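Asker: Okay, here's the structure, questions in a sec.
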2 protein chains.
Amino acid sequence: MKIAILGYGNLAKGVESAVRQNDDIELKYVFTRRDPSTVSVKTEGVEVKSVDEIGNYKDRIDVLVLCGGSATDLPEMTPKYAKDFNVIDSFDTHAKIPEHFAKVDEAAKEGGHIALISCGWDPGMFSVMRLFGNALLPDGNDYTFWGRGVSQGHSDAVRRIKGVKNAKQYTIPVPEALAKVRAGEDPVLTTRQKHTRECFVVAEDGADIEKIENEIKTMPNYFDEYDTTVHFISQEEFDRDHGGIPHGGSVIRTGTTGFDKENRHVVEFSLKLDSNPEFTASVLLAYTRAIYRLHKEGQMGCRTVFDIAPAYLIASTGDEIRAHLL
Amino acid sequence: MKIAILGYGNLAKGVESAVRQNDDIELKYVFTRRDPSTVSVKTEGVEVKSVDEIGNYKDRIDVLVLCGGSATDLPEMTPKYAKDFNVIDSFDTHAKIPEHFAKVDEAAKEGGHIALISCGWDPGMFSVMRLFGNALLPDGNDYTFWGRGVSQGHSDAVRRIKGVKNAKQYTIPVPEALAKVRAGEDPVLTTRQKHTRECFVVAEDGADIEKIENEIKTMPNYFDEYDTTVHFISQEEFDRDHGGIPHGGSVIRTGTTGFDKENRHVVEFSLKLDSNPEFTASVLLAYTRAIYRLHKEGQMGCRTVFDIAPAYLIASTGDEIRAHLL
């Protein structure tokens, strides 16, 4: 299977390194919107091409992995390239998924291709787990906790504040809330009761520290509904302790069974990730394999993780997985 | 969707009560090998029939849920009934799954039906999670822990010892082992290091307690490879504290990503179940829905949980799950 990546940021680099762990997948091209001569990729033999030339590669790529951002890139990119390629993206604006799905579905069908959107861990694996939870325990409650991990969007928001040189924001589940959910107590939790936020900020020389802290804590949509802690640290400390992009979280379904709902069950799926983009990329690559196979079976149109049978994700055969994993 | 159950033990009763939580599924018949007049089911309107008459119901049932045992019932039952019905079973003898699959596949194809075998939580949901783990983190290690929960097979084995009136055996993960795995230490664990076993035994009057304890602890295959604790209790205490059939466990995949495998990830799926048979039944019912839909699409032959896309498990439409669960 020959794939190409569009973009070369953190997620794309994650896909590039994940390819090394999957013998049946070969990375052929990286397409970039920059001048290709300025982009050097880590893998020998991978060609860097301008995205303007992508039309010439229609028959040389089995799946094109779209590594753009959800805000402005993917809403345009995915429908556009779904006409000429099998594509996969990690579109994560939950509220706009139905609209994105409809556009991509139309484009993919028009071009006779298959597409898979909103792949990664949330949306992605967490979505699959929410579906399993609801299907297996129809009488129950859903909980999703994120963290401890870095929220890029919130880190960016803090960095935009005047006087902030650098910043990283961690989202942290409230331990008491998590414990209550795991104990099957079915608590009703406000936003504030579920997560706290912690910011590590490098301020510019002479910046008004108090003003920055206040601006963070009262920022609408991002911080005002949370209890937020702000730490001002040196650039040195920042570089030493906050260079990574860890994340994780838990999807929990609690529910009852029995004639009189007398039995209670807790189903939990949790992730502890050293690198958010690399794990996301690993998920993308497994689903890339799946849509490649489905397209070979003649399938077309847009799919999500809900539409993919697990067997399509793994390189092993049906006989192998039944013998060793079932 | 109209279903029937073959058998009326704990699992079958679990299916019966799970039907109450799924509006799109109707339980029409319970088939029994006993005299039907001696079997009274809880749900009004459900007819109890002798299994000898099952041939008359070929066109009145969408899926037949087989609630027999894995040792002797299902190896015969599932291929036999797969000819005339869409069937689902919870066959859990891991080593014999390939053989069972082949027989059921042949029978189902011959009759133009679909079958799903080895459904429940292990094999079943745990299998799906092992597959996800291997597909998403190809460079890694698998761990499955069971418990704390009742093992029926081990409880039965203890009950067969002379002088034992009643017994229940709990399988318990070793907390230190679980902690090491969750911390991503990738320990190599022996059978003894992973689980302990705890038995609650009601002895017959005048039985040789020491002899029973020794027989349990040295029993080949069942107990000799484990550290086992044996408690002798009264029938009263047994009835009060050990009436339930709880179970659970965790499937954990640890693995690395990155060009130099520099990032580590831990993926965990865990279950805490008040009632093992009722949760197993809930899983069976969701997959019953799936094979009903697949058969309506014209599919035939044997399937496992690996072959079922999550969307088929839930009563909601594609639009609904994309809007609310993705």
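How things are named: the first chain in the structure tokens is A, the next is B, and so on; residues count from 1 in each chain; ligands count from 1 in the order shown.
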Using only C-alpha atoms, what table do you get, as a Markdown table, when you list each residue of chain B with an atom no more than 6 Å from chain A, its nearest pair of atoms, and their distance in Å rounded to one decimal, rows by chain then rising number?
Answerer:
| residue | atom | partner | partner_atom | distance |
| --- | --- | --- | --- | --- |
| B:Ser17 | CA | A:Phe259 | CA | 5.1 |
| B:Pro123 | CA | A:Leu326 | CA | 5.6 |
| B:Ser127 | CA | A:Leu326 | CA | 4.6 |
| B:Ala135 | CA | A:Ile314 | CA | 4.8 |
| B:Leu136 | CA | A:Val283 | CA | 5.4 |
| B:Gly258 | CA | A:Ser17 | CA | 5.5 |
| B:Phe259 | CA | A:Ser17 | CA | 5.1 |
| B:Asn263 | CA | A:Asp274 | CA | 5.4 |
| B:Arg264 | CA | A:Asp274 | CA | 5.5 |
| B:His265 | CA | A:Leu273 | CA | 4.6 |
| B:Val266 | CA | A:Lys272 | CA | 5.1 |
| B:Val267 | CA | A:Leu271 | CA | 4.8 |
| B:Glu268 | CA | A:Ser270 | CA | 5.2 |
| B:Phe269 | CA | A:Phe269 | CA | 4.4 |
| B:Ser270 | CA | A:Glu268 | CA | 5.2 |
| B:Leu271 | CA | A:Val267 | CA | 4.8 |
| B:Lys272 | CA | A:Val266 | CA | 5.1 |
| B:Leu273 | CA | A:His265 | CA | 4.6 |
| B:Asp274 | CA | A:Asn263 | CA | 5.4 |
| B:Ser282 | CA | A:Leu136 | CA | 5.5 |
| B:Val283 | CA | A:Leu136 | CA | 5.4 |
| B:Phe306 | CA | A:Ala311 | CA | 4.9 |
| B:Asp307 | CA | A:Ala309 | CA | 5.1 |
| B:Ile308 | CA | A:Ala309 | CA | 4.8 |
| B:Ala309 | CA | A:Ala309 | CA | 3.7 |
| B:Pro310 | CA | A:Phe306 | CA | 5.0 |
| B:Ala311 | CA | A:Phe306 | CA | 4.9 |
| B:Leu313 | CA | A:Ala135 | CA | 5.9 |
| B:Ile314 | CA | A:Ala135 | CA | 4.8 |
| B:Leu325 | CA | A:Ser127 | CA | 5.6 |
| B:Leu326 | CA | A:Ser127 | CA | 4.6 |
Asker: Go ahead and save the picked residues with N, CA, C and O atoms, as a short mmCIF file (atom, residue, chain, number, x, y, z; two decimals), in the first residue's frame.
Answerer:
data_model
loop_
_atom_site.label_atom_id
_atom_site.label_comp_id
_atom_site.auth_asym_id
_atom_site.auth_seq_id
_atom_site.Cartn_x
_atom_site.Cartn_y
_atom_site.Cartn_z
N SER B 17 -33.63 -10.33 29.99
CA SER B 17 -33.78 -9.01 30.64
C SER B 17 -33.17 -7.90 29.78
O SER B 17 -33.65 -6.77 29.78
N PRO B 123 -14.02 -14.40 25.28
CA PRO B 123 -13.84 -13.65 24.04
C PRO B 123 -14.99 -12.67 23.77
O PRO B 123 -16.10 -12.89 24.24
N SER B 127 -11.41 -9.15 23.16
CA SER B 127 -10.74 -9.51 21.91
C SER B 127 -10.62 -8.29 21.00
O SER B 127 -9.58 -8.04 20.39
N ALA B 135 -3.26 -3.16 16.55
CA ALA B 135 -3.32 -2.38 15.31
C ALA B 135 -2.78 -0.97 15.52
O ALA B 135 -2.09 -0.42 14.66
N LEU B 136 -3.08 -0.38 16.68
CA LEU B 136 -2.70 1.01 16.91
C LEU B 136 -1.26 1.13 17.39
O LEU B 136 -0.60 2.14 17.14
N GLY B 258 7.36 6.86 17.53
CA GLY B 258 8.44 7.82 17.32
C GLY B 258 9.57 7.20 16.52
O GLY B 258 9.73 5.99 16.48
N PHE B 259 10.33 8.05 15.88
CA PHE B 259 11.43 7.59 15.04
C PHE B 259 12.40 6.72 15.81
O PHE B 259 12.95 5.75 15.29
N ASN B 263 8.63 7.58 22.48
CA ASN B 263 7.39 7.88 23.21
C ASN B 263 6.61 6.61 23.53
O ASN B 263 6.49 5.71 22.72
N ARG B 264 6.07 6.60 24.73
CA ARG B 264 5.43 5.42 25.28
C ARG B 264 3.95 5.71 25.52
O ARG B 264 3.58 6.81 25.92
N HIS B 265 3.13 4.69 25.27
CA HIS B 265 1.69 4.87 25.42
C HIS B 265 1.08 3.68 26.15
O HIS B 265 1.57 2.56 25.99
N VAL B 266 0.03 3.95 26.90
CA VAL B 266 -0.69 2.87 27.59
C VAL B 266 -2.17 3.00 27.23
O VAL B 266 -2.77 4.05 27.46
N VAL B 267 -2.71 1.93 26.66
CA VAL B 267 -4.12 1.88 26.28
C VAL B 267 -4.78 0.82 27.15
O VAL B 267 -4.32 -0.32 27.20
N GLU B 268 -5.83 1.19 27.85
CA GLU B 268 -6.46 0.22 28.76
C GLU B 268 -7.97 0.21 28.59
O GLU B 268 -8.62 1.25 28.51
N PHE B 269 -8.53 -1.00 28.56
CA PHE B 269 -9.98 -1.18 28.56
C PHE B 269 -10.31 -2.03 29.76
O PHE B 269 -9.75 -3.11 29.94
N SER B 270 -11.19 -1.53 30.62
CA SER B 270 -11.48 -2.31 31.82
C SER B 270 -12.98 -2.40 32.10
O SER B 270 -13.75 -1.51 31.72
N LEU B 271 -13.34 -3.48 32.72
CA LEU B 271 -14.74 -3.76 33.06
C LEU B 271 -14.86 -4.06 34.54
O LEU B 271 -14.03 -4.78 35.10
N LYS B 272 -15.88 -3.48 35.16
CA LYS B 272 -16.27 -3.87 36.52
C LYS B 272 -17.73 -4.25 36.46
O LYS B 272 -18.59 -3.38 36.28
N LEU B 273 -18.01 -5.54 36.58
CA LEU B 273 -19.35 -6.05 36.30
C LEU B 273 -19.97 -6.67 37.54
O LEU B 273 -19.40 -7.58 38.14
N ASP B 274 -21.16 -6.20 37.90
CA ASP B 274 -21.90 -6.83 39.00
C ASP B 274 -22.37 -8.22 38.61
O ASP B 274 -22.44 -9.12 39.45
N SER B 282 -25.82 -8.73 27.40
CA SER B 282 -25.98 -7.42 26.77
C SER B 282 -25.10 -7.30 25.53
O SER B 282 -25.50 -6.72 24.52
N VAL B 283 -23.88 -7.84 25.64
CA VAL B 283 -22.99 -7.83 24.48
C VAL B 283 -23.59 -8.69 23.37
O VAL B 283 -23.66 -8.28 22.20
N PHE B 306 -14.57 -9.34 15.40
CA PHE B 306 -13.61 -8.59 14.58
C PHE B 306 -14.21 -8.10 13.27
O PHE B 306 -13.71 -7.16 12.66
N ASP B 307 -15.28 -8.76 12.83
CA ASP B 307 -15.85 -8.48 11.52
C ASP B 307 -17.00 -7.48 11.56
O ASP B 307 -17.61 -7.20 10.52
N ILE B 308 -17.33 -7.00 12.73
CA ILE B 308 -18.53 -6.17 12.87
C ILE B 308 -18.17 -4.70 13.09
O ILE B 308 -17.54 -4.35 14.09
N ALA B 309 -18.59 -3.85 12.17
CA ALA B 309 -18.37 -2.41 12.33
C ALA B 309 -19.26 -1.92 13.49
O ALA B 309 -20.42 -2.32 13.59
N PRO B 310 -18.69 -1.05 14.34
CA PRO B 310 -19.44 -0.60 15.53
C PRO B 310 -20.84 -0.08 15.23
O PRO B 310 -21.77 -0.33 16.00
N ALA B 311 -21.03 0.61 14.11
CA ALA B 311 -22.34 1.21 13.81
C ALA B 311 -23.47 0.19 13.80
O ALA B 311 -24.62 0.52 14.10
N LEU B 313 -24.02 -2.12 15.82
CA LEU B 313 -24.37 -2.59 17.16
C LEU B 313 -25.47 -1.78 17.83
O LEU B 313 -26.09 -2.21 18.80
N ILE B 314 -25.68 -0.57 17.34
CA ILE B 314 -26.53 0.36 18.07
C ILE B 314 -27.80 0.66 17.29
O ILE B 314 -27.80 0.67 16.06
N LEU B 325 -22.20 10.94 19.06
CA LEU B 325 -21.20 10.09 19.70
C LEU B 325 -19.80 10.26 19.13
O LEU B 325 -18.82 9.90 19.77
N LEU B 326 -19.70 10.81 17.89
CA LEU B 326 -18.38 10.94 17.28
C LEU B 326 -17.58 12.04 17.98
O LEU B 326 -16.46 11.84 18.37
#
Asker: DSSP says strand (DSSP E or B) for which residues of stretch 30-222 of chain B? Put them as number ranges by chain?
Answerer: B: 30-32, 47-50, 63-66, 87-88, 114-116, 121, 124, 140-146, 149-150, 164-173, 195-203
Asker: Would you compute the distance between atom CA of A:Gly55 and atom CA of A:Ala82? Give it in Å to one decimal.
Answerer: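 Separating atom CA of A:Gly55 from atom CA of A:Ala82 is a distance of 12.1 Å.
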Asker: Pick the closest to A:Asp105 from A:Ser234, A:Ser40, A:Gln299, A:Ser50: which is it, counting only C-alpha atoms?
Answerer: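 For A:Asp105, the nearest of the candidates is A:Gln299.
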Asker: At what distance in Å, to one decimal, does atom CA of B:Asn86 lie from atom CA of B:Glu110?
Answerer: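 That distance, rounded to one decimal, is 12.0 Å.
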Asker: When DSSP is applied to the backbone of this structure, which of stretch 60-295 of chain B are assigned helix (DSSP H, G or I)? Write them out as a PyMOL selection string.
Answerer: chain B and resi 73-82+94-111+125-136+152-159+175-182+191-194+209-217+235-241+276-295
Asker: Which one is closest to B:Thr78: B:Asp205, B:Glu106, B:Asp62, B:Glu44? Count only C-alpha atoms.
Answerer: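 Closest to B:Thr78, using only C-alpha atoms: B:Glu106.
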